[in-house]
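Data block for structure_10.tsv (TSV, C-alpha atoms):
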chain	number	residue	atom	x	y	z
R	228	MET	CA	-41.04	-192.28	-52.53
R	229	VAL	CA	-43.37	-189.35	-51.81
R	230	GLY	CA	-42.39	-187.55	-48.62
R	231	GLU	CA	-39.17	-189.50	-48.15
R	232	SER	CA	-35.99	-187.62	-47.35
R	233	PHE	CA	-32.63	-188.63	-48.79
R	234	LYS	CA	-29.16	-188.02	-47.50
R	235	GLN	CA	-25.57	-189.11	-47.58
R	236	THR	CA	-23.50	-189.27	-44.43
R	237	ILE	CA	-19.73	-188.98	-44.63
R	238	VAL	CA	-17.81	-190.47	-41.73
R	239	LEU	CA	-14.27	-189.26	-41.03
R	240	ARG	CA	-11.73	-190.53	-38.52
R	241	ARG	CA	-10.87	-187.83	-35.99
R	242	ASP	CA	-8.13	-189.93	-34.38
R	243	LEU	CA	-5.81	-189.48	-37.37
R	244	GLY	CA	-5.29	-185.78	-36.70
R	245	MET	CA	-5.84	-184.88	-40.36
R	246	GLY	CA	-5.52	-181.23	-41.27
R	247	ARG	CA	-8.76	-179.59	-42.37
R	248	GLY	CA	-7.81	-179.61	-46.06
R	249	LYS	CA	-6.85	-183.27	-45.92
R	250	ALA	CA	-10.10	-184.07	-44.12
R	251	ALA	CA	-12.11	-182.17	-46.73
R	252	ALA	CA	-10.36	-184.07	-49.54
R	253	GLN	CA	-11.11	-187.42	-47.90
R	254	ALA	CA	-14.76	-186.42	-47.51
R	255	ALA	CA	-14.91	-185.58	-51.20
R	256	HIS	CA	-13.27	-188.90	-52.12
R	257	ALA	CA	-15.78	-190.85	-50.06
R	258	SER	CA	-18.78	-188.93	-51.36
R	259	CYS	CA	-17.87	-189.21	-55.05
R	260	GLU	CA	-16.87	-192.84	-54.77
R	261	ALA	CA	-20.26	-193.79	-53.33
R	262	VAL	CA	-21.88	-192.01	-56.28
R	263	PHE	CA	-19.67	-193.91	-58.73
R	264	ARG	CA	-20.65	-197.19	-57.08
R	265	ILE	CA	-24.31	-196.39	-57.65
R	266	LEU	CA	-23.76	-195.38	-61.27
R	267	GLU	CA	-21.83	-198.56	-61.98
R	268	SER	CA	-24.07	-200.90	-60.02
R	269	GLY	CA	-26.95	-200.98	-62.45
R	270	ASP	CA	-29.14	-201.15	-59.32
R	271	ARG	CA	-32.43	-199.49	-60.16
R	272	ARG	CA	-33.39	-198.69	-56.58
R	273	TRP	CA	-30.01	-197.07	-55.90
R	274	MET	CA	-30.35	-194.98	-59.07
R	275	GLU	CA	-33.76	-193.77	-57.92
R	276	TRP	CA	-32.28	-192.79	-54.57
R	277	LEU	CA	-29.46	-190.92	-56.30
R	278	GLU	CA	-31.87	-188.99	-58.49
R	279	ALA	CA	-34.20	-188.14	-55.62
R	280	TRP	CA	-31.24	-186.96	-53.53
R	281	ARG	CA	-29.91	-184.77	-56.32
R	282	ARG	CA	-33.30	-183.16	-56.87
R	283	SER	CA	-33.72	-182.44	-53.15
R	284	GLY	CA	-30.40	-180.63	-52.66
R	285	GLN	CA	-27.90	-183.46	-52.09
R	286	GLU	CA	-27.90	-183.31	-48.31
R	287	LYS	CA	-24.50	-184.33	-46.94
R	288	VAL	CA	-23.68	-184.58	-43.26
R	289	VAL	CA	-20.14	-185.11	-41.99
R	290	LEU	CA	-19.78	-187.29	-38.88
R	291	ARG	CA	-16.90	-188.57	-36.77
R	292	VAL	CA	-15.49	-191.79	-35.49
R	293	ASP	CA	-12.35	-192.20	-33.42
R	294	SER	CA	-10.86	-195.46	-34.64
R	295	GLU	CA	-10.39	-197.68	-37.67
R	296	ARG	CA	-12.53	-200.31	-35.98
R	297	GLU	CA	-15.51	-197.93	-35.71
R	298	LEU	CA	-15.03	-196.82	-39.32
R	299	LEU	CA	-15.06	-200.39	-40.58
R	300	GLU	CA	-18.15	-201.20	-38.50
R	301	VAL	CA	-20.01	-198.38	-40.23
R	302	TYR	CA	-18.96	-199.56	-43.68
R	303	THR	CA	-19.80	-203.19	-42.97
R	304	LYS	CA	-23.22	-202.36	-41.58
R	305	ALA	CA	-24.05	-200.19	-44.60
R	306	VAL	CA	-23.12	-203.01	-46.98
R	307	GLU	CA	-25.08	-205.55	-44.93
R	308	LEU	CA	-28.17	-203.35	-45.14
R	309	GLY	CA	-27.84	-203.10	-48.91
R	310	LEU	CA	-26.97	-199.40	-48.96
R	311	PRO	CA	-24.52	-197.82	-51.39
R	312	ALA	CA	-21.29	-197.09	-49.51
R	313	SER	CA	-17.61	-196.41	-50.06
R	314	LEU	CA	-14.45	-196.89	-48.01
R	315	VAL	CA	-11.50	-194.58	-48.66
R	316	VAL	CA	-8.01	-196.04	-48.34
R	317	ASP	CA	-5.35	-193.33	-48.48
R	318	ALA	CA	-2.52	-193.72	-50.98
R	319	GLY	CA	-0.16	-192.30	-48.35
R	320	ARG	CA	1.40	-189.64	-50.54
R	321	THR	CA	1.04	-186.83	-48.01
R	322	GLN	CA	0.15	-186.92	-44.32
R	323	LEU	CA	-0.65	-190.59	-43.65
R	324	PRO	CA	0.93	-194.05	-43.99
R	325	PRO	CA	-0.13	-195.86	-47.20
R	326	GLY	CA	-3.22	-197.98	-46.68
R	327	THR	CA	-4.72	-195.86	-43.92
R	328	LYS	CA	-8.51	-196.10	-43.92
R	329	THR	CA	-9.73	-192.53	-43.54
R	330	ALA	CA	-13.39	-192.16	-44.49
R	331	VAL	CA	-16.66	-193.86	-45.36
R	332	ALA	CA	-19.71	-192.53	-47.17
R	333	VAL	CA	-23.15	-194.06	-46.63
R	334	GLY	CA	-25.83	-193.30	-49.21
R	335	PRO	CA	-27.37	-191.35	-50.80
R	336	ALA	CA	-30.31	-193.35	-49.52
R	337	PRO	CA	-33.55	-192.77	-47.61
R	338	GLU	CA	-32.78	-190.97	-44.36
R	339	GLU	CA	-34.24	-193.64	-42.09
R	340	LEU	CA	-32.01	-196.31	-43.63
R	341	VAL	CA	-28.87	-194.17	-43.40
R	342	ASP	CA	-29.72	-193.39	-39.77
R	343	LYS	CA	-29.72	-197.12	-38.99
R	344	VAL	CA	-26.02	-197.08	-39.81
R	345	THR	CA	-24.80	-193.66	-38.67
R	346	GLY	CA	-27.60	-192.27	-36.51
R	347	HIS	CA	-25.54	-192.74	-33.34
R	348	LEU	CA	-22.53	-190.72	-34.53
R	349	LYS	CA	-21.65	-187.13	-33.62
R	350	LEU	CA	-20.95	-184.31	-36.07
R	351	TYR	CA	-17.31	-184.15	-37.15
X	8	MET	CA	-2.94	-188.67	-72.98
X	9	VAL	CA	0.10	-190.80	-72.16
X	10	GLY	CA	2.08	-189.32	-69.32
X	11	GLU	CA	-0.50	-186.69	-68.50
X	12	SER	CA	-1.54	-186.18	-64.89
X	13	PHE	CA	-5.11	-185.41	-63.92
X	14	LYS	CA	-6.48	-183.69	-60.87
X	15	GLN	CA	-9.36	-181.83	-59.38
X	16	THR	CA	-8.86	-178.81	-57.19
X	17	ILE	CA	-11.48	-177.84	-54.64
X	18	VAL	CA	-11.46	-174.21	-53.56
X	19	LEU	CA	-13.05	-173.24	-50.24
X	20	ARG	CA	-13.64	-169.80	-48.73
X	21	ARG	CA	-11.70	-169.41	-45.51
X	22	ASP	CA	-13.27	-166.02	-44.76
X	23	LEU	CA	-16.63	-167.63	-43.88
X	24	GLY	CA	-15.29	-169.26	-40.73
X	25	MET	CA	-16.94	-172.58	-41.58
X	26	GLY	CA	-16.48	-175.39	-39.08
X	27	ARG	CA	-14.38	-178.30	-40.34
X	28	GLY	CA	-17.39	-180.56	-40.90
X	29	LYS	CA	-19.22	-177.85	-42.81
X	30	ALA	CA	-16.11	-177.20	-44.89
X	31	ALA	CA	-15.74	-180.91	-45.65
X	32	ALA	CA	-19.38	-181.12	-46.73
X	33	GLN	CA	-18.97	-178.13	-49.07
X	34	ALA	CA	-15.86	-179.74	-50.57
X	35	ALA	CA	-17.83	-182.93	-51.22
X	36	HIS	CA	-20.69	-180.94	-52.80
X	37	ALA	CA	-18.30	-179.14	-55.15
X	38	SER	CA	-16.41	-182.28	-56.09
X	39	CYS	CA	-19.49	-184.40	-56.87
X	40	GLU	CA	-21.24	-181.61	-58.69
X	41	ALA	CA	-18.30	-181.16	-61.08
X	42	VAL	CA	-18.46	-184.91	-61.76
X	43	PHE	CA	-22.21	-184.70	-62.45
X	44	ARG	CA	-21.61	-181.85	-64.89
X	45	ILE	CA	-19.17	-183.99	-66.82
X	46	LEU	CA	-21.51	-186.98	-66.88
X	47	GLU	CA	-24.39	-184.84	-68.11
X	48	SER	CA	-22.39	-182.77	-70.59
X	49	GLY	CA	-22.00	-185.44	-73.24
X	50	ASP	CA	-18.54	-183.88	-73.79
X	51	ARG	CA	-16.24	-186.64	-74.97
X	52	ARG	CA	-13.01	-184.93	-73.89
X	53	TRP	CA	-14.37	-184.29	-70.40
X	54	MET	CA	-15.43	-187.93	-70.14
X	55	GLU	CA	-11.91	-189.04	-71.09
X	56	TRP	CA	-10.47	-186.78	-68.41
X	57	LEU	CA	-12.89	-188.19	-65.83
X	58	GLU	CA	-11.96	-191.77	-66.69
X	59	ALA	CA	-8.22	-191.08	-66.67
X	60	TRP	CA	-8.53	-189.31	-63.32
X	61	ARG	CA	-10.49	-192.19	-61.81
X	62	ARG	CA	-7.95	-194.74	-62.99
X	63	SER	CA	-5.04	-192.71	-61.60
X	64	GLY	CA	-6.38	-192.35	-58.05
X	65	GLN	CA	-8.71	-189.33	-58.27
X	66	GLU	CA	-6.25	-186.75	-56.99
X	67	LYS	CA	-8.07	-183.99	-55.13
X	68	VAL	CA	-6.37	-180.95	-53.63
X	69	VAL	CA	-8.20	-178.51	-51.37
X	70	LEU	CA	-7.21	-174.85	-51.71
X	71	ARG	CA	-8.27	-171.58	-50.11
X	72	VAL	CA	-9.54	-168.19	-51.09
X	73	ASP	CA	-10.52	-165.40	-48.73
X	74	SER	CA	-13.45	-163.71	-50.46
X	75	GLU	CA	-16.47	-164.32	-52.67
X	76	ARG	CA	-14.80	-162.23	-55.36
X	77	GLU	CA	-11.77	-164.54	-55.52
X	78	LEU	CA	-14.01	-167.61	-55.53
X	79	LEU	CA	-16.03	-166.29	-58.47
X	80	GLU	CA	-12.85	-165.38	-60.36
X	81	VAL	CA	-11.71	-168.99	-60.08
X	82	TYR	CA	-15.04	-170.32	-61.31
X	83	THR	CA	-15.25	-167.87	-64.20
X	84	LYS	CA	-11.72	-168.58	-65.36
X	85	ALA	CA	-12.32	-172.34	-65.30
X	86	VAL	CA	-15.46	-171.94	-67.41
X	87	GLU	CA	-13.67	-169.61	-69.83
X	88	LEU	CA	-10.91	-172.18	-70.32
X	89	GLY	CA	-13.47	-174.89	-71.09
X	90	LEU	CA	-12.83	-176.90	-67.94
X	91	PRO	CA	-15.52	-178.76	-66.01
X	92	ALA	CA	-16.30	-176.77	-62.87
X	93	SER	CA	-18.95	-176.32	-60.22
X	94	LEU	CA	-19.98	-173.50	-57.89
X	95	VAL	CA	-21.65	-174.37	-54.59
X	96	VAL	CA	-24.36	-172.05	-53.30
X	97	ASP	CA	-25.35	-172.91	-49.74
X	98	ALA	CA	-29.02	-173.43	-48.99
X	99	GLY	CA	-28.48	-171.67	-45.66
X	100	ARG	CA	-30.05	-174.33	-43.48
X	101	THR	CA	-27.23	-174.40	-40.92
X	102	GLN	CA	-24.28	-172.06	-40.41
X	103	LEU	CA	-24.55	-169.58	-43.30
X	104	PRO	CA	-27.06	-167.14	-44.84
X	105	PRO	CA	-28.99	-168.65	-47.79
X	106	GLY	CA	-27.26	-168.02	-51.11
X	107	THR	CA	-23.73	-167.89	-49.70
X	108	LYS	CA	-21.20	-169.05	-52.30
X	109	THR	CA	-18.90	-171.42	-50.44
X	110	ALA	CA	-16.85	-173.58	-52.79
X	111	VAL	CA	-15.74	-174.27	-56.35
X	112	ALA	CA	-14.33	-177.42	-57.93
X	113	VAL	CA	-12.14	-177.27	-61.03
X	114	GLY	CA	-11.68	-180.48	-63.00
X	115	PRO	CA	-10.95	-183.35	-63.11
X	116	ALA	CA	-8.79	-182.20	-65.99
X	117	PRO	CA	-5.14	-182.32	-67.04
X	118	GLU	CA	-2.99	-180.89	-64.29
X	119	GLU	CA	-1.45	-178.13	-66.41
X	120	LEU	CA	-4.89	-176.79	-67.34
X	121	VAL	CA	-6.16	-176.89	-63.76
X	122	ASP	CA	-3.01	-175.11	-62.62
X	123	LYS	CA	-3.78	-172.24	-65.01
X	124	VAL	CA	-6.85	-171.58	-62.87
X	125	THR	CA	-5.79	-172.47	-59.33
X	126	GLY	CA	-1.98	-172.77	-59.46
X	127	HIS	CA	-1.57	-169.54	-57.49
X	128	LEU	CA	-3.70	-170.59	-54.53
X	129	LYS	CA	-2.51	-171.88	-51.15
X	130	LEU	CA	-3.59	-175.11	-49.47
X	131	TYR	CA	-6.71	-174.72	-47.38
What would the structure in this file look like if it were written as structure tokens?
Amino acid sequence: MVGESFKQTIVLRRDLGMGRGKAAAQAAHASCEAVFRILESGDRRWMEWLEAWRRSGQEKVVLRVDSERELLEVYTKAVELGLPASLVVDAGRTQLPPGTKTAVAVGPAPEELVDKVTGHLKLY
Amino acid sequence: MVGESFKQTIVLRRDLGMGRGKAAAQAAHASCEAVFRILESGDRRWMEWLEAWRRSGQEKVVLRVDSERELLEVYTKAVELGLPASLVVDAGRTQLPPGTKTAVAVGPAPEELVDKVTGHLKLY
């Protein structure tokens, strides 16, 4: 893995009009949940990616989509490519209806693989 | 631990004028890093808190401070009380000078302990 870069992208829905604190909490949910998936997967390659990402500063980039459909496309593509990913479904205790899909995290994984999934998205 | 509630608070500096994506990324850094500290601590009580928090929906609340001094007070108090906590120092690759302290996470831990540290703070 010499010379590879690792990152995690966090994709948030802008169309929900979340306040900035709510958005930050959803980003944290997505990010941690993807890490838990790796830890619980027993997947050796994913664990190597996680370790390499931690050592290199845990790059996280927050990106936007504007619909549930786009969010689900990102999640589905990440899973299809074999990348660690998470999908956050809000419990609906505060600003949103229960079951609202708010965020996705892709990676940590090699940058070129993550970019296949989220490389077309704009910064949040 | 029957009947106990568990949460993690994430404290962000509002005085830095971070964009919402930057703020969300810092929140995710703080949150994950606190989880890593627990996993690496070998502390049995912390691990129980982490598991109970995961099972109960991983409550995360994002709060604000308005200075580095306040941020460091929060971190110090959490450590003094024996709570898992993290302090995020920005690498300075984008919006901020290198070394800027941007965020702290406190917990996951029992709600009444977390509130001793961050109960006085407003929502971000």
Least-squares superpose chain X onto chain R - every C-alpha atom, paired in order - and show me the moved coordinates as a PDB file with C-alpha atoms, keeping the file's coordinate frame.
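Just written: out_20.pdb:
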ATOM      1  CA  MET X   8     -41.033-192.261 -52.505  1.00  0.00           C
ATOM      2  CA  VAL X   9     -43.338-189.319 -51.813  1.00  0.00           C
ATOM      3  CA  GLY X  10     -42.385-187.555 -48.626  1.00  0.00           C
ATOM      4  CA  GLU X  11     -39.179-189.493 -48.164  1.00  0.00           C
ATOM      5  CA  SER X  12     -35.985-187.619 -47.349  1.00  0.00           C
ATOM      6  CA  PHE X  13     -32.640-188.637 -48.783  1.00  0.00           C
ATOM      7  CA  LYS X  14     -29.160-188.022 -47.499  1.00  0.00           C
ATOM      8  CA  GLN X  15     -25.585-189.113 -47.563  1.00  0.00           C
ATOM      9  CA  THR X  16     -23.496-189.270 -44.436  1.00  0.00           C
ATOM     10  CA  ILE X  17     -19.730-188.971 -44.634  1.00  0.00           C
ATOM     11  CA  VAL X  18     -17.808-190.455 -41.727  1.00  0.00           C
ATOM     12  CA  LEU X  19     -14.262-189.260 -41.029  1.00  0.00           C
ATOM     13  CA  ARG X  20     -11.710-190.531 -38.512  1.00  0.00           C
ATOM     14  CA  ARG X  21     -10.861-187.837 -36.001  1.00  0.00           C
ATOM     15  CA  ASP X  22      -8.135-189.949 -34.381  1.00  0.00           C
ATOM     16  CA  LEU X  23      -5.810-189.482 -37.386  1.00  0.00           C
ATOM     17  CA  GLY X  24      -5.287-185.789 -36.704  1.00  0.00           C
ATOM     18  CA  MET X  25      -5.832-184.895 -40.361  1.00  0.00           C
ATOM     19  CA  GLY X  26      -5.521-181.230 -41.274  1.00  0.00           C
ATOM     20  CA  ARG X  27      -8.773-179.594 -42.376  1.00  0.00           C
ATOM     21  CA  GLY X  28      -7.831-179.619 -46.063  1.00  0.00           C
ATOM     22  CA  LYS X  29      -6.855-183.275 -45.912  1.00  0.00           C
ATOM     23  CA  ALA X  30     -10.102-184.079 -44.114  1.00  0.00           C
ATOM     24  CA  ALA X  31     -12.117-182.186 -46.729  1.00  0.00           C
ATOM     25  CA  ALA X  32     -10.368-184.066 -49.534  1.00  0.00           C
ATOM     26  CA  GLN X  33     -11.114-187.431 -47.890  1.00  0.00           C
ATOM     27  CA  ALA X  34     -14.768-186.424 -47.506  1.00  0.00           C
ATOM     28  CA  ALA X  35     -14.921-185.579 -51.213  1.00  0.00           C
ATOM     29  CA  HIS X  36     -13.272-188.908 -52.124  1.00  0.00           C
ATOM     30  CA  ALA X  37     -15.799-190.863 -50.059  1.00  0.00           C
ATOM     31  CA  SER X  38     -18.781-188.930 -51.358  1.00  0.00           C
ATOM     32  CA  CYS X  39     -17.883-189.221 -55.059  1.00  0.00           C
ATOM     33  CA  GLU X  40     -16.878-192.836 -54.773  1.00  0.00           C
ATOM     34  CA  ALA X  41     -20.274-193.793 -53.321  1.00  0.00           C
ATOM     35  CA  VAL X  42     -21.886-192.001 -56.277  1.00  0.00           C
ATOM     36  CA  PHE X  43     -19.668-193.903 -58.735  1.00  0.00           C
ATOM     37  CA  ARG X  44     -20.658-197.187 -57.100  1.00  0.00           C
ATOM     38  CA  ILE X  45     -24.306-196.384 -57.650  1.00  0.00           C
ATOM     39  CA  LEU X  46     -23.758-195.374 -61.269  1.00  0.00           C
ATOM     40  CA  GLU X  47     -21.821-198.556 -61.979  1.00  0.00           C
ATOM     41  CA  SER X  48     -24.070-200.904 -60.013  1.00  0.00           C
ATOM     42  CA  GLY X  49     -26.946-200.983 -62.467  1.00  0.00           C
ATOM     43  CA  ASP X  50     -29.146-201.153 -59.331  1.00  0.00           C
ATOM     44  CA  ARG X  51     -32.433-199.484 -60.175  1.00  0.00           C
ATOM     45  CA  ARG X  52     -33.384-198.676 -56.574  1.00  0.00           C
ATOM     46  CA  TRP X  53     -30.001-197.077 -55.909  1.00  0.00           C
ATOM     47  CA  MET X  54     -30.356-194.999 -59.071  1.00  0.00           C
ATOM     48  CA  GLU X  55     -33.770-193.774 -57.902  1.00  0.00           C
ATOM     49  CA  TRP X  56     -32.278-192.792 -54.560  1.00  0.00           C
ATOM     50  CA  LEU X  57     -29.449-190.927 -56.298  1.00  0.00           C
ATOM     51  CA  GLU X  58     -31.869-188.994 -58.495  1.00  0.00           C
ATOM     52  CA  ALA X  59     -34.198-188.125 -55.616  1.00  0.00           C
ATOM     53  CA  TRP X  60     -31.240-186.967 -53.528  1.00  0.00           C
ATOM     54  CA  ARG X  61     -29.916-184.787 -56.341  1.00  0.00           C
ATOM     55  CA  ARG X  62     -33.296-183.166 -56.884  1.00  0.00           C
ATOM     56  CA  SER X  63     -33.719-182.447 -53.165  1.00  0.00           C
ATOM     57  CA  GLY X  64     -30.408-180.626 -52.666  1.00  0.00           C
ATOM     58  CA  GLN X  65     -27.904-183.454 -52.092  1.00  0.00           C
ATOM     59  CA  GLU X  66     -27.897-183.308 -48.307  1.00  0.00           C
ATOM     60  CA  LYS X  67     -24.508-184.332 -46.946  1.00  0.00           C
ATOM     61  CA  VAL X  68     -23.679-184.578 -43.253  1.00  0.00           C
ATOM     62  CA  VAL X  69     -20.138-185.125 -42.000  1.00  0.00           C
ATOM     63  CA  LEU X  70     -19.779-187.296 -38.894  1.00  0.00           C
ATOM     64  CA  ARG X  71     -16.904-188.559 -36.769  1.00  0.00           C
ATOM     65  CA  VAL X  72     -15.488-191.789 -35.493  1.00  0.00           C
ATOM     66  CA  ASP X  73     -12.349-192.191 -33.420  1.00  0.00           C
ATOM     67  CA  SER X  74     -10.850-195.465 -34.634  1.00  0.00           C
ATOM     68  CA  GLU X  75     -10.387-197.681 -37.675  1.00  0.00           C
ATOM     69  CA  ARG X  76     -12.535-200.302 -35.970  1.00  0.00           C
ATOM     70  CA  GLU X  77     -15.520-197.943 -35.715  1.00  0.00           C
ATOM     71  CA  LEU X  78     -15.037-196.813 -39.312  1.00  0.00           C
ATOM     72  CA  LEU X  79     -15.065-200.399 -40.581  1.00  0.00           C
ATOM     73  CA  GLU X  80     -18.149-201.206 -38.497  1.00  0.00           C
ATOM     74  CA  VAL X  81     -19.998-198.378 -40.228  1.00  0.00           C
ATOM     75  CA  TYR X  82     -18.943-199.562 -43.671  1.00  0.00           C
ATOM     76  CA  THR X  83     -19.798-203.193 -42.973  1.00  0.00           C
ATOM     77  CA  LYS X  84     -23.216-202.360 -41.581  1.00  0.00           C
ATOM     78  CA  ALA X  85     -24.056-200.191 -44.596  1.00  0.00           C
ATOM     79  CA  VAL X  86     -23.099-203.004 -46.971  1.00  0.00           C
ATOM     80  CA  GLU X  87     -25.075-205.543 -44.937  1.00  0.00           C
ATOM     81  CA  LEU X  88     -28.174-203.348 -45.140  1.00  0.00           C
ATOM     82  CA  GLY X  89     -27.831-203.087 -48.922  1.00  0.00           C
ATOM     83  CA  LEU X  90     -26.955-199.399 -48.954  1.00  0.00           C
ATOM     84  CA  PRO X  91     -24.509-197.806 -51.384  1.00  0.00           C
ATOM     85  CA  ALA X  92     -21.285-197.093 -49.505  1.00  0.00           C
ATOM     86  CA  SER X  93     -17.614-196.412 -50.057  1.00  0.00           C
ATOM     87  CA  LEU X  94     -14.449-196.871 -48.004  1.00  0.00           C
ATOM     88  CA  VAL X  95     -11.493-194.576 -48.660  1.00  0.00           C
ATOM     89  CA  VAL X  96      -8.005-196.035 -48.353  1.00  0.00           C
ATOM     90  CA  ASP X  97      -5.348-193.329 -48.488  1.00  0.00           C
ATOM     91  CA  ALA X  98      -2.518-193.736 -50.963  1.00  0.00           C
ATOM     92  CA  GLY X  99      -0.163-192.294 -48.346  1.00  0.00           C
ATOM     93  CA  ARG X 100       1.395-189.644 -50.547  1.00  0.00           C
ATOM     94  CA  THR X 101       1.059-186.828 -48.004  1.00  0.00           C
ATOM     95  CA  GLN X 102       0.154-186.909 -44.314  1.00  0.00           C
ATOM     96  CA  LEU X 103      -0.650-190.578 -43.634  1.00  0.00           C
ATOM     97  CA  PRO X 104       0.938-194.039 -43.992  1.00  0.00           C
ATOM     98  CA  PRO X 105      -0.131-195.845 -47.202  1.00  0.00           C
ATOM     99  CA  GLY X 106      -3.224-197.984 -46.684  1.00  0.00           C
ATOM    100  CA  THR X 107      -4.714-195.860 -43.903  1.00  0.00           C
ATOM    101  CA  LYS X 108      -8.515-196.107 -43.913  1.00  0.00           C
ATOM    102  CA  THR X 109      -9.730-192.536 -43.540  1.00  0.00           C
ATOM    103  CA  ALA X 110     -13.384-192.151 -44.483  1.00  0.00           C
ATOM    104  CA  VAL X 111     -16.656-193.853 -45.365  1.00  0.00           C
ATOM    105  CA  ALA X 112     -19.718-192.530 -47.175  1.00  0.00           C
ATOM    106  CA  VAL X 113     -23.153-194.059 -46.633  1.00  0.00           C
ATOM    107  CA  GLY X 114     -25.829-193.299 -49.213  1.00  0.00           C
ATOM    108  CA  PRO X 115     -27.389-191.346 -50.805  1.00  0.00           C
ATOM    109  CA  ALA X 116     -30.319-193.350 -49.509  1.00  0.00           C
ATOM    110  CA  PRO X 117     -33.547-192.765 -47.591  1.00  0.00           C
ATOM    111  CA  GLU X 118     -32.785-190.975 -44.359  1.00  0.00           C
ATOM    112  CA  GLU X 119     -34.249-193.655 -42.088  1.00  0.00           C
ATOM    113  CA  LEU X 120     -32.010-196.321 -43.626  1.00  0.00           C
ATOM    114  CA  VAL X 121     -28.886-194.170 -43.397  1.00  0.00           C
ATOM    115  CA  ASP X 122     -29.719-193.390 -39.779  1.00  0.00           C
ATOM    116  CA  LYS X 123     -29.726-197.120 -38.988  1.00  0.00           C
ATOM    117  CA  VAL X 124     -26.018-197.073 -39.818  1.00  0.00           C
ATOM    118  CA  THR X 125     -24.798-193.660 -38.672  1.00  0.00           C
ATOM    119  CA  GLY X 126     -27.611-192.259 -36.493  1.00  0.00           C
ATOM    120  CA  HIS X 127     -25.528-192.733 -33.344  1.00  0.00           C
ATOM    121  CA  LEU X 128     -22.533-190.724 -34.525  1.00  0.00           C
ATOM    122  CA  LYS X 129     -21.642-187.132 -33.628  1.00  0.00           C
ATOM    123  CA  LEU X 130     -20.937-184.313 -36.073  1.00  0.00           C
ATOM    124  CA  TYR X 131     -17.319-184.151 -37.141  1.00  0.00           C
TER     125      TYR X 131
END
Discussion item. Contacts from chain R to chain X, 10 Å maximum, only C-alpha atoms: show me the residue list as number ranges by chain.
Written reply: R: 236-239, 246-260, 262-263, 281, 284-291, 317-318, 350-351
Practice prompt. Tell me, as a list of chain:residue names, which residues lie within 12 Å of Glu87 (chain X), counting all atoms listed in the file; anything in the same chain fewer than 3 positions away does not count.
Written response: X:Glu80, X:Val81, X:Tyr82, X:Thr83, X:Lys84, X:Leu90, X:Pro91, X:Ala92, X:Val113, X:Leu120, X:Lys123, X:Val124
Item to complete: Can you work out the spacing between CA of Glu338 (chain R) and CA of Ser232 (chain R) in Å, to one decimal?
Response: 5.5 Å
Worksheet item: What's the 7 Å shell around Ala116 (chain X), counting only C-alpha atoms, without same-chain residues fewer than 6 positions away, as a PyMOL selection string?
Response: chain X and resi 13-15+56+90
Fill in: Two-atom distance - CA of Gly319 (chain R), CA of Gly244 (chain R) (Å)
14.3 Å
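Distance annotation: of R:Val292, R:Val331, R:Ala279, R:Leu314, the residue with the minimal separation from Glu231 (chain R) is R:Ala279; atom set is only C-alpha atoms.
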Fill in: Atomic separation - CA of Ala332 (chain R) relative to CA of Ser93 (chain X), Å
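These two atoms are separated by 20.8 Å.
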Worksheet entry | Residue with smallest distance to Glu119 (chain X) - pool X:Val96, X:Leu78, X:Leu88, X:Ile45, counting all atoms listed in the file |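 Ranked by minimum distance to Glu119 (chain X), first place goes to X:Leu88.
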Fill in: Pick from R:Thr321, R:Gly326, R:Lys349, R:Leu243 nearest to Ser294 (chain R), counting only C-alpha atoms
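That would be R:Leu243, the residue with the smallest distance to Ser294 (chain R).
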